[in-house]
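> My questions will all concern the structure given below.
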Amino acid sequence: MEQYAQEEPSVDSVPAAGSGEPELVPTALSPPIQSSSTQTPAPVPQPKPETPYRPNYKPTLLLSGHSRSISAIKFSPDGKMLASCAADKLVKLWDADSGDIIHTFEGHTEGISDIAWSNNGDYLASASDDKTVRLWSMESFEMVKELQGHTNFVFCVNFSPSSTMLASGGFDETVRVWDVARGKTLKTLPAHSDPVTAVAFNHDGTLIGSCAMDGLIRIWDTESGQCLKTLADDDNPICSHIKFTPNSRFILASTQDSTIRLWNTQTSKCVKTYAGHTNRTYCIFAEFAPGRKHIVSGSEDMKVYFWDLQTREIVQVLDGHRDVVIAVAAHPTRRLVASAAMEKDLTIRLWADEPDDPDWS
């Protein structure tokens, strides 16, 4: 299983749209072709085309505890815990194996829209409509910092890979970069002309990605605060969520035209689109599923969708929730996915991949 978790992500070699399949060539074990005027040359064996892996997720746990719409869920870096936040002003910590509740963090005075783990697993950050970001210690289960500076609802938050910085965005249309140790603003980026819906650091923390209701995705230099690139489609649908691929060459972006796009950050071009789910109203999370060969997203039709990263085909749809599936999370090392739904449901569901073919386990 460790080997599985360490494998090089296939998202790093996503071809541009329209690129052809590689030509099949004889292998080193192919028998030599006999050249003879009276002999028919033996056919060269062709390698079997590899069958794409189709996930087979089954429900394993049902977690209940929030009293208002859940807004985000995130696995801890070691995968042992799952954190959730909701409009009930609470952050909850769950045991990812048993589903037992470990702790409930109270303190925000308004609903919470997003949470993020520090990479070392020491802290959890929460972004709230009370205009603050709070840092919670996983050692003491106490709030250790309250970051003040946003002038409107804080909608999104993420730590840098080193866990020394934090980025947040919100309805004041800015992205703030914070010094975690001091709890002070390092930079305020006049990022967008509409509320900022997601922020993300790249793999080494040198870049920050942001997206907003203005439909733009922007890439910023962390050090200087300069905008390096803007990614945009012709019709600029509201962009709900972004995530860098592990090598930062691509950005996965969810938009409210019921589409998920994969952008090449070098060429500023969209190389893949994924469709079939419903997303026209809410900021729904998309994620690379465990193994990084599939995309997973919630949907407004109360389902969870999986796409093959390369072929863009829908490979599995999960039923069970009774309201909009707003959030999904992928376990860092196991074939495990979590999903969470809104007001008429209020549950978090965990799904484990049970391969039909034992060779894939």
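We name chains A, B, ... following the order of the structure tokens; residues begin at 1 in each chain, and ligands are numbered from 1 as shown.
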Could you list, as a list in words, every residue within 8 Å of stretch 258-274 of chain A, counting only C-alpha atoms and ignoring same-chain residues fewer than 6 positions away?
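The contact residues come out as Pro15, Ala16, Ala17, Lys229, Thr230, Leu231, Ser248, Arg249, Phe250, Ile251, Leu252, Arg280, Ala286, Trp307, Arg312 and Glu313 of chain A.
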> What parts of stretch 244-283 of chain A does DSSP call strand (DSSP E)? I'd like the answer as an mmCIF file with N, CA and C atoms, in the first residue's frame.

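Result file result13.cif:
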data_model
loop_
_atom_site.group_PDB
_atom_site.id
_atom_site.type_symbol
_atom_site.label_atom_id
_atom_site.label_comp_id
_atom_site.auth_asym_id
_atom_site.auth_seq_id
_atom_site.Cartn_x
_atom_site.Cartn_y
_atom_site.Cartn_z
ATOM 1 N N PHE A 244 -3.973 22.631 -7.359
ATOM 2 C CA PHE A 244 -2.791 22.329 -8.174
ATOM 3 C C PHE A 244 -2.569 20.814 -8.223
ATOM 4 N N PHE A 250 -0.443 21.651 -13.663
ATOM 5 C CA PHE A 250 -1.858 21.769 -14.010
ATOM 6 C C PHE A 250 -2.652 22.269 -12.814
ATOM 7 N N ILE A 251 -3.797 22.876 -13.108
ATOM 8 C CA ILE A 251 -4.761 23.283 -12.079
ATOM 9 C C ILE A 251 -6.110 22.661 -12.428
ATOM 10 N N LEU A 252 -6.708 22.004 -11.453
ATOM 11 C CA LEU A 252 -8.058 21.454 -11.607
ATOM 12 C C LEU A 252 -9.035 22.508 -11.101
ATOM 13 N N ALA A 253 -9.990 22.885 -11.932
ATOM 14 C CA ALA A 253 -10.906 23.977 -11.578
ATOM 15 C C ALA A 253 -12.362 23.567 -11.778
ATOM 16 N N SER A 254 -13.188 23.801 -10.747
ATOM 17 C CA SER A 254 -14.628 23.550 -10.843
ATOM 18 C C SER A 254 -15.332 24.858 -11.180
ATOM 19 N N THR A 255 -16.249 24.800 -12.134
ATOM 20 C CA THR A 255 -16.985 26.014 -12.524
ATOM 21 C C THR A 255 -18.482 25.750 -12.531
ATOM 22 N N THR A 259 -19.123 21.983 -15.204
ATOM 23 C CA THR A 259 -17.905 21.508 -15.861
ATOM 24 C C THR A 259 -16.734 21.591 -14.900
ATOM 25 N N ILE A 260 -15.825 20.632 -15.012
ATOM 26 C CA ILE A 260 -14.538 20.702 -14.315
ATOM 27 C C ILE A 260 -13.470 20.756 -15.395
ATOM 28 N N ARG A 261 -12.541 21.682 -15.256
ATOM 29 C CA ARG A 261 -11.511 21.861 -16.279
ATOM 30 C C ARG A 261 -10.126 21.603 -15.705
ATOM 31 N N LEU A 262 -9.249 21.071 -16.550
ATOM 32 C CA LEU A 262 -7.844 20.918 -16.201
ATOM 33 C C LEU A 262 -7.049 21.903 -17.054
ATOM 34 N N TRP A 263 -6.400 22.853 -16.384
ATOM 35 C CA TRP A 263 -5.635 23.897 -17.061
ATOM 36 C C TRP A 263 -4.152 23.595 -17.000
ATOM 37 N N ASN A 264 -3.464 23.805 -18.116
ATOM 38 C CA ASN A 264 -2.008 23.743 -18.133
ATOM 39 C C ASN A 264 -1.491 25.107 -17.686
ATOM 40 N N LYS A 269 -3.628 27.064 -21.153
ATOM 41 C CA LYS A 269 -4.700 26.472 -21.959
ATOM 42 C C LYS A 269 -5.424 25.381 -21.166
ATOM 43 N N CYS A 270 -6.727 25.252 -21.450
ATOM 44 C CA CYS A 270 -7.516 24.173 -20.875
ATOM 45 C C CYS A 270 -7.262 22.916 -21.701
ATOM 46 N N VAL A 271 -6.767 21.837 -21.042
ATOM 47 C CA VAL A 271 -6.406 20.630 -21.784
ATOM 48 C C VAL A 271 -7.439 19.507 -21.644
ATOM 49 N N LYS A 272 -8.265 19.557 -20.616
ATOM 50 C CA LYS A 272 -9.293 18.524 -20.427
ATOM 51 C C LYS A 272 -10.526 19.168 -19.808
ATOM 52 N N THR A 273 -11.698 18.650 -20.162
ATOM 53 C CA THR A 273 -12.936 19.055 -19.485
ATOM 54 C C THR A 273 -13.689 17.792 -19.064
ATOM 55 N N TYR A 274 -14.317 17.881 -17.901
ATOM 56 C CA TYR A 274 -15.075 16.757 -17.341
ATOM 57 C C TYR A 274 -16.498 17.246 -17.079
ATOM 58 N N ALA A 275 -17.490 16.494 -17.555
ATOM 59 C CA ALA A 275 -18.880 16.922 -17.431
ATOM 60 C C ALA A 275 -19.772 15.724 -17.158
#
> Quick one: residues within 6 Å of A:Arg134, only C-alpha atoms, excluding same-chain residues fewer than 5 positions away - as a list in words?
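The residues satisfying every condition are Ala125, Ser126, Lys145 and Glu146 of chain A.
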> Keeping all heavy atoms, export the residues of the selection given above as a compact mmCIF listing (two decimals), in the first residue's frame.

# COMPACT_ATOMS: atom_id res chain seq x y z
N ALA A 125 -6.92 25.15 10.31
CA ALA A 125 -7.39 26.53 10.14
C ALA A 125 -8.84 26.50 9.68
O ALA A 125 -9.25 25.61 8.93
CB ALA A 125 -6.54 27.27 9.12
N SER A 126 -9.62 27.47 10.14
CA SER A 126 -11.03 27.56 9.73
C SER A 126 -11.34 28.99 9.29
O SER A 126 -10.87 29.96 9.89
CB SER A 126 -11.96 27.15 10.87
OG SER A 126 -11.65 27.86 12.06
N LYS A 145 -4.65 30.98 17.56
CA LYS A 145 -4.55 32.29 16.89
C LYS A 145 -5.91 32.64 16.27
O LYS A 145 -6.63 31.77 15.78
CB LYS A 145 -3.52 32.25 15.76
CG LYS A 145 -2.07 32.09 16.20
CD LYS A 145 -1.39 33.42 16.32
CE LYS A 145 0.09 33.35 16.62
NZ LYS A 145 0.65 32.24 17.31
N GLU A 146 -6.21 33.92 16.29
CA GLU A 146 -7.36 34.45 15.54
C GLU A 146 -6.81 35.50 14.59
O GLU A 146 -6.25 36.51 15.01
CB GLU A 146 -8.38 35.06 16.49
CG GLU A 146 -9.63 35.55 15.76
CD GLU A 146 -10.65 36.19 16.71
OE1 GLU A 146 -10.25 37.07 17.49
OE2 GLU A 146 -11.82 35.81 16.64
> List the spatial neighbours of A:Ile101 as a list of chain:residue names - criterion: any atom at most 9 Å away, only C-alpha atoms, same-chain residues fewer than 4 positions off excluded.
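The neighbour list is A:Leu63, A:Gly65, A:Lys92, A:Leu93, A:Trp94, A:Asp95.
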> Please produce a file of those selected residues containing C-alpha atoms, as a CSV table (one decimal), in the first residue's frame.

chain,number,residue,atom,x,y,z
A,63,LEU,CA,-21.1,10.3,10.2
A,65,GLY,CA,-23.3,15.5,14.1
A,92,LYS,CA,-15.6,18.7,14.1
A,93,LEU,CA,-12.9,16.1,14.2
A,94,TRP,CA,-13.7,12.5,13.4
A,95,ASP,CA,-11.7,9.2,13.6
> Which is closest to A:Gly169 among A:Asp235, A:Asp114, A:Glu142, A:Asp301, if we use only C-alpha atoms?
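Smallest separation from A:Gly169 among the options: A:Asp114.
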> Just want the 8 Å neighbourhood of A:Pro195, counted on only C-alpha atoms, with same-chain residues fewer than 5 positions away dropped. Output as a ChimeraX atom specification.
/A:169-174,212-214
> Please list as a PDB file with all heavy atoms, in the first residue's frame every residue within 8 Å of A:Val154, counting only C-alpha atoms and excluding residues in the same chain fewer than 4 positions away.

ATOM      1  N   SER A 113     -16.985  28.349   6.309  1.00  0.00           N
ATOM      2  CA  SER A 113     -17.030  27.931   4.905  1.00  0.00           C
ATOM      3  C   SER A 113     -15.924  26.973   4.497  1.00  0.00           C
ATOM      4  O   SER A 113     -16.082  26.221   3.536  1.00  0.00           O
ATOM      5  CB  SER A 113     -16.963  29.158   3.984  1.00  0.00           C
ATOM      6  OG  SER A 113     -18.155  29.898   4.073  1.00  0.00           O
ATOM      7  N   ALA A 127     -12.114  29.111   8.213  1.00  0.00           N
ATOM      8  CA  ALA A 127     -12.472  30.409   7.628  1.00  0.00           C
ATOM      9  C   ALA A 127     -13.965  30.634   7.808  1.00  0.00           C
ATOM     10  O   ALA A 127     -14.780  29.786   7.435  1.00  0.00           O
ATOM     11  CB  ALA A 127     -12.121  30.425   6.143  1.00  0.00           C
ATOM     12  N   SER A 128     -14.332  31.797   8.363  1.00  0.00           N
ATOM     13  CA  SER A 128     -15.721  32.000   8.790  1.00  0.00           C
ATOM     14  C   SER A 128     -16.332  33.299   8.275  1.00  0.00           C
ATOM     15  O   SER A 128     -15.638  34.260   7.937  1.00  0.00           O
ATOM     16  CB  SER A 128     -15.764  31.980  10.327  1.00  0.00           C
ATOM     17  OG  SER A 128     -17.014  32.414  10.819  1.00  0.00           O
ATOM     18  N   ASP A 129     -17.669  33.299   8.292  1.00  0.00           N
ATOM     19  CA  ASP A 129     -18.425  34.517   7.983  1.00  0.00           C
ATOM     20  C   ASP A 129     -18.262  35.583   9.063  1.00  0.00           C
ATOM     21  O   ASP A 129     -18.714  36.717   8.883  1.00  0.00           O
ATOM     22  CB  ASP A 129     -19.923  34.185   7.830  1.00  0.00           C
ATOM     23  CG  ASP A 129     -20.222  33.485   6.512  1.00  0.00           C
ATOM     24  OD1 ASP A 129     -19.283  33.230   5.745  1.00  0.00           O
ATOM     25  OD2 ASP A 129     -21.409  33.182   6.253  1.00  0.00           O
ATOM     26  N   ASP A 130     -17.625  35.238  10.195  1.00  0.00           N
ATOM     27  CA  ASP A 130     -17.370  36.265  11.217  1.00  0.00           C
ATOM     28  C   ASP A 130     -16.133  37.108  10.881  1.00  0.00           C
ATOM     29  O   ASP A 130     -15.641  37.874  11.702  1.00  0.00           O
ATOM     30  CB  ASP A 130     -17.255  35.642  12.624  1.00  0.00           C
ATOM     31  CG  ASP A 130     -16.053  34.705  12.783  1.00  0.00           C
ATOM     32  OD1 ASP A 130     -15.145  34.712  11.924  1.00  0.00           O
ATOM     33  OD2 ASP A 130     -16.022  33.957  13.777  1.00  0.00           O
ATOM     34  N   LYS A 131     -15.616  36.929   9.619  1.00  0.00           N
ATOM     35  CA  LYS A 131     -14.503  37.703   9.044  1.00  0.00           C
ATOM     36  C   LYS A 131     -13.146  37.304   9.607  1.00  0.00           C
ATOM     37  O   LYS A 131     -12.163  38.008   9.419  1.00  0.00           O
ATOM     38  CB  LYS A 131     -14.701  39.220   9.234  1.00  0.00           C
ATOM     39  CG  LYS A 131     -16.038  39.734   8.711  1.00  0.00           C
ATOM     40  CD  LYS A 131     -16.186  41.228   8.976  1.00  0.00           C
ATOM     41  CE  LYS A 131     -17.594  41.698   8.711  1.00  0.00           C
ATOM     42  NZ  LYS A 131     -17.810  43.095   9.084  1.00  0.00           N
ATOM     43  N   THR A 132     -13.078  36.180  10.341  1.00  0.00           N
ATOM     44  CA  THR A 132     -11.803  35.742  10.907  1.00  0.00           C
ATOM     45  C   THR A 132     -11.395  34.374  10.374  1.00  0.00           C
ATOM     46  O   THR A 132     -12.219  33.602   9.879  1.00  0.00           O
ATOM     47  CB  THR A 132     -11.854  35.644  12.449  1.00  0.00           C
ATOM     48  OG1 THR A 132     -12.674  34.517  12.819  1.00  0.00           O
ATOM     49  CG2 THR A 132     -12.383  36.912  13.083  1.00  0.00           C
ATOM     50  N   VAL A 133     -10.087  34.116  10.490  1.00  0.00           N
ATOM     51  CA  VAL A 133      -9.531  32.778  10.321  1.00  0.00           C
ATOM     52  C   VAL A 133      -9.010  32.373  11.690  1.00  0.00           C
ATOM     53  O   VAL A 133      -8.302  33.153  12.349  1.00  0.00           O
ATOM     54  CB  VAL A 133      -8.382  32.763   9.291  1.00  0.00           C
ATOM     55  CG1 VAL A 133      -7.732  31.379   9.230  1.00  0.00           C
ATOM     56  CG2 VAL A 133      -8.883  33.172   7.909  1.00  0.00           C
ATOM     57  N   HIS A 150      -9.590  40.567   7.258  1.00  0.00           N
ATOM     58  CA  HIS A 150     -10.610  40.574   6.202  1.00  0.00           C
ATOM     59  C   HIS A 150     -11.774  41.468   6.635  1.00  0.00           C
ATOM     60  O   HIS A 150     -12.127  41.517   7.823  1.00  0.00           O
ATOM     61  CB  HIS A 150     -11.126  39.157   5.929  1.00  0.00           C
ATOM     62  CG  HIS A 150     -10.229  38.342   5.039  1.00  0.00           C
ATOM     63  ND1 HIS A 150     -10.100  38.574   3.692  1.00  0.00           N
ATOM     64  CD2 HIS A 150      -9.418  37.297   5.323  1.00  0.00           C
ATOM     65  CE1 HIS A 150      -9.255  37.699   3.170  1.00  0.00           C
ATOM     66  NE2 HIS A 150      -8.812  36.912   4.140  1.00  0.00           N
ATOM     67  N   SER A 168      -5.763  33.136   2.588  1.00  0.00           N
ATOM     68  CA  SER A 168      -7.220  33.132   2.758  1.00  0.00           C
ATOM     69  C   SER A 168      -7.835  34.099   1.765  1.00  0.00           C
ATOM     70  O   SER A 168      -7.198  35.064   1.332  1.00  0.00           O
ATOM     71  CB  SER A 168      -7.604  33.520   4.190  1.00  0.00           C
ATOM     72  OG  SER A 168      -7.119  34.815   4.502  1.00  0.00           O
ATOM     73  N   GLY A 169      -9.071  33.838   1.405  1.00  0.00           N
ATOM     74  CA  GLY A 169      -9.780  34.702   0.470  1.00  0.00           C
ATOM     75  C   GLY A 169     -11.218  34.841   0.897  1.00  0.00           C
ATOM     76  O   GLY A 169     -11.732  34.017   1.648  1.00  0.00           O
ATOM     77  N   GLY A 170     -11.880  35.897   0.413  1.00  0.00           N
ATOM     78  CA  GLY A 170     -13.257  36.072   0.842  1.00  0.00           C
ATOM     79  C   GLY A 170     -14.037  37.095   0.058  1.00  0.00           C
ATOM     80  O   GLY A 170     -13.653  37.499  -1.052  1.00  0.00           O
ATOM     81  N   PHE A 171     -15.120  37.543   0.684  1.00  0.00           N
ATOM     82  CA  PHE A 171     -16.066  38.428   0.018  1.00  0.00           C
ATOM     83  C   PHE A 171     -15.564  39.870  -0.065  1.00  0.00           C
ATOM     84  O   PHE A 171     -16.204  40.707  -0.690  1.00  0.00           O
ATOM     85  CB  PHE A 171     -17.423  38.350   0.716  1.00  0.00           C
ATOM     86  CG  PHE A 171     -18.271  37.194   0.247  1.00  0.00           C
ATOM     87  CD1 PHE A 171     -17.839  35.888   0.394  1.00  0.00           C
ATOM     88  CD2 PHE A 171     -19.493  37.409  -0.375  1.00  0.00           C
ATOM     89  CE1 PHE A 171     -18.608  34.815  -0.046  1.00  0.00           C
ATOM     90  CE2 PHE A 171     -20.274  36.355  -0.825  1.00  0.00           C
ATOM     91  CZ  PHE A 171     -19.821  35.045  -0.661  1.00  0.00           C
TER      92      PHE A 171
END
> What does the distance between atom CA of A:Asn152 and atom CA of A:Val196 come to in Å, to one decimal place?
11.0 Å
> What are the closest atom pairs, with distances in Å to one decimal, for all residues of stretch 51-161 of chain A lying within 12 Å of stretch 323-339 of chain A? Consider only C-alpha atoms, order rows by chain and residue number, and present the result as a tab-separated table.

residue	atom	partner	partner_atom	distance
A:Pro55	CA	A:Arg335	CA	9.2
A:Asn56	CA	A:Arg335	CA	9.9
A:Tyr57	CA	A:Leu336	CA	8.0
A:Lys58	CA	A:Leu336	CA	9.5
A:Pro59	CA	A:Val337	CA	9.5
A:Thr60	CA	A:Leu336	CA	9.3
A:Leu61	CA	A:Ala338	CA	9.2
A:Leu62	CA	A:Ala338	CA	9.7
A:Leu63	CA	A:Ala338	CA	10.0
A:Ser69	CA	A:Ile326	CA	9.1
A:Ile70	CA	A:Ile326	CA	7.7
A:Ser71	CA	A:Ile326	CA	6.5
A:Ala72	CA	A:Ala327	CA	5.4
A:Ile73	CA	A:Ala329	CA	6.2
A:Lys74	CA	A:Ala329	CA	5.6
A:Phe75	CA	A:His331	CA	6.1
A:Ser76	CA	A:Pro332	CA	8.1
A:Pro77	CA	A:Pro332	CA	6.6
A:Asp78	CA	A:Pro332	CA	7.0
A:Gly79	CA	A:Pro332	CA	5.9
A:Lys80	CA	A:His331	CA	9.1
A:Met81	CA	A:His331	CA	9.7
A:Leu82	CA	A:Ala338	CA	8.6
A:Ala83	CA	A:Ala329	CA	10.0
A:Ser84	CA	A:Ala327	CA	9.7
A:Cys85	CA	A:Ala327	CA	10.5
A:Ala86	CA	A:Ala327	CA	11.0
A:Trp94	CA	A:Ala338	CA	11.6
A:Ala96	CA	A:His331	CA	9.2
A:Asp97	CA	A:Leu336	CA	10.3
A:Gly99	CA	A:Ala338	CA	11.2
A:Ser113	CA	A:Ala327	CA	10.8
A:Asp114	CA	A:Ala327	CA	10.1
A:Ile115	CA	A:Ala327	CA	11.4
A:Ala116	CA	A:Ala329	CA	11.6
A:Asn119	CA	A:Pro332	CA	11.6
> Restricting the output to N, CA, C and O atoms, write the selected residues as a short mmCIF file (atom, residue, chain, number, x, y, z; two decimals), in the first residue's frame.

data_model
loop_
_atom_site.label_atom_id
_atom_site.label_comp_id
_atom_site.auth_asym_id
_atom_site.auth_seq_id
_atom_site.Cartn_x
_atom_site.Cartn_y
_atom_site.Cartn_z
N PRO A 55 -12.85 2.36 -10.69
CA PRO A 55 -13.05 2.27 -9.25
C PRO A 55 -14.36 1.58 -8.90
O PRO A 55 -15.29 1.55 -9.71
N ASN A 56 -14.41 1.05 -7.69
CA ASN A 56 -15.61 0.34 -7.23
C ASN A 56 -15.86 0.72 -5.77
O ASN A 56 -15.74 -0.10 -4.87
N TYR A 57 -16.18 2.00 -5.56
CA TYR A 57 -16.36 2.51 -4.19
C TYR A 57 -17.68 2.02 -3.61
O TYR A 57 -18.71 2.04 -4.27
N LYS A 58 -17.60 1.58 -2.33
CA LYS A 58 -18.78 1.11 -1.60
C LYS A 58 -18.87 1.89 -0.28
O LYS A 58 -17.84 2.24 0.31
N PRO A 59 -20.10 2.14 0.22
CA PRO A 59 -20.23 2.89 1.48
C PRO A 59 -19.69 2.11 2.67
O PRO A 59 -19.89 0.90 2.77
N THR A 60 -18.97 2.81 3.55
CA THR A 60 -18.42 2.14 4.74
C THR A 60 -18.87 2.79 6.05
O THR A 60 -19.18 2.09 7.00
N LEU A 61 -18.92 4.12 6.10
CA LEU A 61 -19.30 4.81 7.34
C LEU A 61 -20.23 5.97 7.05
O LEU A 61 -20.16 6.61 5.99
N LEU A 62 -21.11 6.25 8.00
CA LEU A 62 -22.03 7.39 7.93
C LEU A 62 -21.82 8.22 9.19
O LEU A 62 -22.02 7.71 10.31
N LEU A 63 -21.39 9.47 9.04
CA LEU A 63 -21.10 10.33 10.20
C LEU A 63 -22.16 11.42 10.31
O LEU A 63 -22.44 12.13 9.34
N SER A 69 -25.93 23.08 7.30
CA SER A 69 -25.22 22.62 6.10
C SER A 69 -23.72 22.48 6.31
O SER A 69 -23.06 23.41 6.76
N ILE A 70 -23.20 21.31 5.94
CA ILE A 70 -21.74 21.10 5.97
C ILE A 70 -21.15 21.83 4.76
O ILE A 70 -21.74 21.87 3.68
N SER A 71 -19.99 22.43 4.95
CA SER A 71 -19.38 23.22 3.88
C SER A 71 -18.07 22.66 3.36
O SER A 71 -17.73 22.85 2.19
N ALA A 72 -17.29 21.97 4.21
CA ALA A 72 -16.01 21.42 3.76
C ALA A 72 -15.61 20.24 4.64
O ALA A 72 -15.97 20.18 5.82
N ILE A 73 -14.86 19.31 4.05
CA ILE A 73 -14.29 18.17 4.78
C ILE A 73 -12.86 17.97 4.29
O ILE A 73 -12.59 18.11 3.10
N LYS A 74 -11.94 17.63 5.20
CA LYS A 74 -10.54 17.42 4.82
C LYS A 74 -9.93 16.32 5.69
O LYS A 74 -10.05 16.37 6.92
N PHE A 75 -9.25 15.37 5.07
CA PHE A 75 -8.49 14.37 5.81
C PHE A 75 -7.21 15.00 6.35
O PHE A 75 -6.60 15.85 5.69
N SER A 76 -6.79 14.55 7.53
CA SER A 76 -5.51 15.01 8.08
C SER A 76 -4.38 14.45 7.22
O SER A 76 -4.57 13.45 6.51
N PRO A 77 -3.19 15.07 7.25
CA PRO A 77 -2.08 14.59 6.40
C PRO A 77 -1.72 13.12 6.61
O PRO A 77 -1.32 12.45 5.67
N ASP A 78 -1.89 12.61 7.84
CA ASP A 78 -1.59 11.19 8.07
C ASP A 78 -2.79 10.29 7.81
O ASP A 78 -2.70 9.06 7.91
N GLY A 79 -3.95 10.89 7.49
CA GLY A 79 -5.13 10.11 7.15
C GLY A 79 -5.89 9.52 8.32
O GLY A 79 -6.89 8.84 8.13
N LYS A 80 -5.46 9.80 9.53
CA LYS A 80 -6.11 9.19 10.69
C LYS A 80 -7.39 9.91 11.10
O LYS A 80 -8.24 9.34 11.76
N MET A 81 -7.49 11.19 10.73
CA MET A 81 -8.66 11.98 11.13
C MET A 81 -9.29 12.66 9.92
O MET A 81 -8.64 12.89 8.90
N LEU A 82 -10.56 12.99 10.06
CA LEU A 82 -11.28 13.77 9.07
C LEU A 82 -11.84 14.99 9.80
O LEU A 82 -12.47 14.85 10.85
N ALA A 83 -11.60 16.17 9.26
CA ALA A 83 -12.17 17.40 9.83
C ALA A 83 -13.33 17.86 8.97
O ALA A 83 -13.33 17.68 7.75
N SER A 84 -14.35 18.43 9.61
CA SER A 84 -15.50 18.97 8.89
C SER A 84 -15.88 20.32 9.49
O SER A 84 -15.61 20.59 10.66
N CYS A 85 -16.50 21.15 8.68
CA CYS A 85 -17.01 22.44 9.18
C CYS A 85 -18.37 22.69 8.56
O CYS A 85 -18.73 22.08 7.54
N ALA A 86 -19.13 23.60 9.19
CA ALA A 86 -20.52 23.78 8.76
C ALA A 86 -21.04 25.17 9.10
O ALA A 86 -20.39 25.95 9.79
N TRP A 94 -13.16 13.86 13.36
CA TRP A 94 -13.67 12.49 13.38
C TRP A 94 -12.52 11.51 13.23
O TRP A 94 -11.54 11.79 12.54
N ALA A 96 -11.08 8.60 11.31
CA ALA A 96 -11.35 8.15 9.94
C ALA A 96 -11.58 6.65 9.86
O ALA A 96 -12.16 6.17 8.88
N ASP A 97 -11.14 5.90 10.86
CA ASP A 97 -11.34 4.44 10.84
C ASP A 97 -12.68 4.04 11.46
O ASP A 97 -13.41 3.25 10.89
N GLY A 99 -15.12 6.32 12.68
CA GLY A 99 -16.21 7.29 12.51
C GLY A 99 -16.60 7.98 13.80
O GLY A 99 -17.52 8.79 13.83
N SER A 113 -16.99 28.35 6.31
CA SER A 113 -17.03 27.93 4.90
C SER A 113 -15.92 26.97 4.50
O SER A 113 -16.08 26.22 3.54
N ASP A 114 -14.78 27.01 5.19
CA ASP A 114 -13.66 26.18 4.75
C ASP A 114 -12.74 25.86 5.92
O ASP A 114 -12.71 26.59 6.93
N ILE A 115 -12.00 24.77 5.77
CA ILE A 115 -10.98 24.36 6.74
C ILE A 115 -9.76 23.87 5.98
O ILE A 115 -9.86 23.48 4.81
N ALA A 116 -8.61 23.90 6.64
CA ALA A 116 -7.37 23.40 6.02
C ALA A 116 -6.43 22.89 7.11
O ALA A 116 -6.34 23.48 8.19
N ASN A 119 0.56 21.10 6.85
CA ASN A 119 1.17 19.87 6.31
C ASN A 119 1.77 18.97 7.38
O ASN A 119 1.88 17.77 7.19
#
> From the list A:Asp257, A:Ser160, A:His66, A:His203, which residue is nearest A:Ile348 when using only C-alpha atoms?
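That would be A:His66, the residue with the smallest distance to A:Ile348.
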> Just the residues within 9 Å of A:Thr185, please, counting only C-alpha atoms, with nothing from its chain fewer than 6 positions along; format it as a list in words.
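So the residues in contact are Leu147, Gln148, Gly149, Arg176, Val177, Trp178 and Asp179 of chain A.
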> Write the residues you've just listed into a file as a JSON list (two decimals), in the first residue's frame, and include N, CA and C atoms for each of them.

[["chain", "number", "residue", "atom", "x", "y", "z"],
["A", 147, "LEU", "N", -6.93, 35.23, 13.30],
["A", 147, "LEU", "CA", -6.38, 36.13, 12.28],
["A", 147, "LEU", "C", -7.45, 37.11, 11.83],
["A", 148, "GLN", "N", -7.21, 38.38, 12.11],
["A", 148, "GLN", "CA", -8.18, 39.43, 11.79],
["A", 148, "GLN", "C", -7.60, 40.36, 10.74],
["A", 149, "GLY", "N", -8.45, 40.76, 9.79],
["A", 149, "GLY", "CA", -8.00, 41.65, 8.73],
["A", 149, "GLY", "C", -8.97, 41.70, 7.57],
["A", 176, "ARG", "N", -5.42, 37.26, 1.30],
["A", 176, "ARG", "CA", -4.45, 37.65, 2.33],
["A", 176, "ARG", "C", -3.47, 36.51, 2.56],
["A", 177, "VAL", "N", -2.20, 36.87, 2.68],
["A", 177, "VAL", "CA", -1.15, 35.90, 3.01],
["A", 177, "VAL", "C", -0.70, 36.23, 4.43],
["A", 178, "TRP", "N", -0.72, 35.20, 5.29],
["A", 178, "TRP", "CA", -0.46, 35.40, 6.71],
["A", 178, "TRP", "C", 0.82, 34.70, 7.14],
["A", 179, "ASP", "N", 1.50, 35.30, 8.12],
["A", 179, "ASP", "CA", 2.59, 34.65, 8.84],
["A", 179, "ASP", "C", 1.94, 33.85, 9.98]]
> Find the residue from A:Ser224, A:Ser98, A:Thr104, A:Ser64 that sits nearest to A:Met143; use only C-alpha atoms when measuring.
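Between A:Ser224, A:Ser98, A:Thr104, A:Ser64, the residue approaching A:Met143 most closely is A:Thr104.
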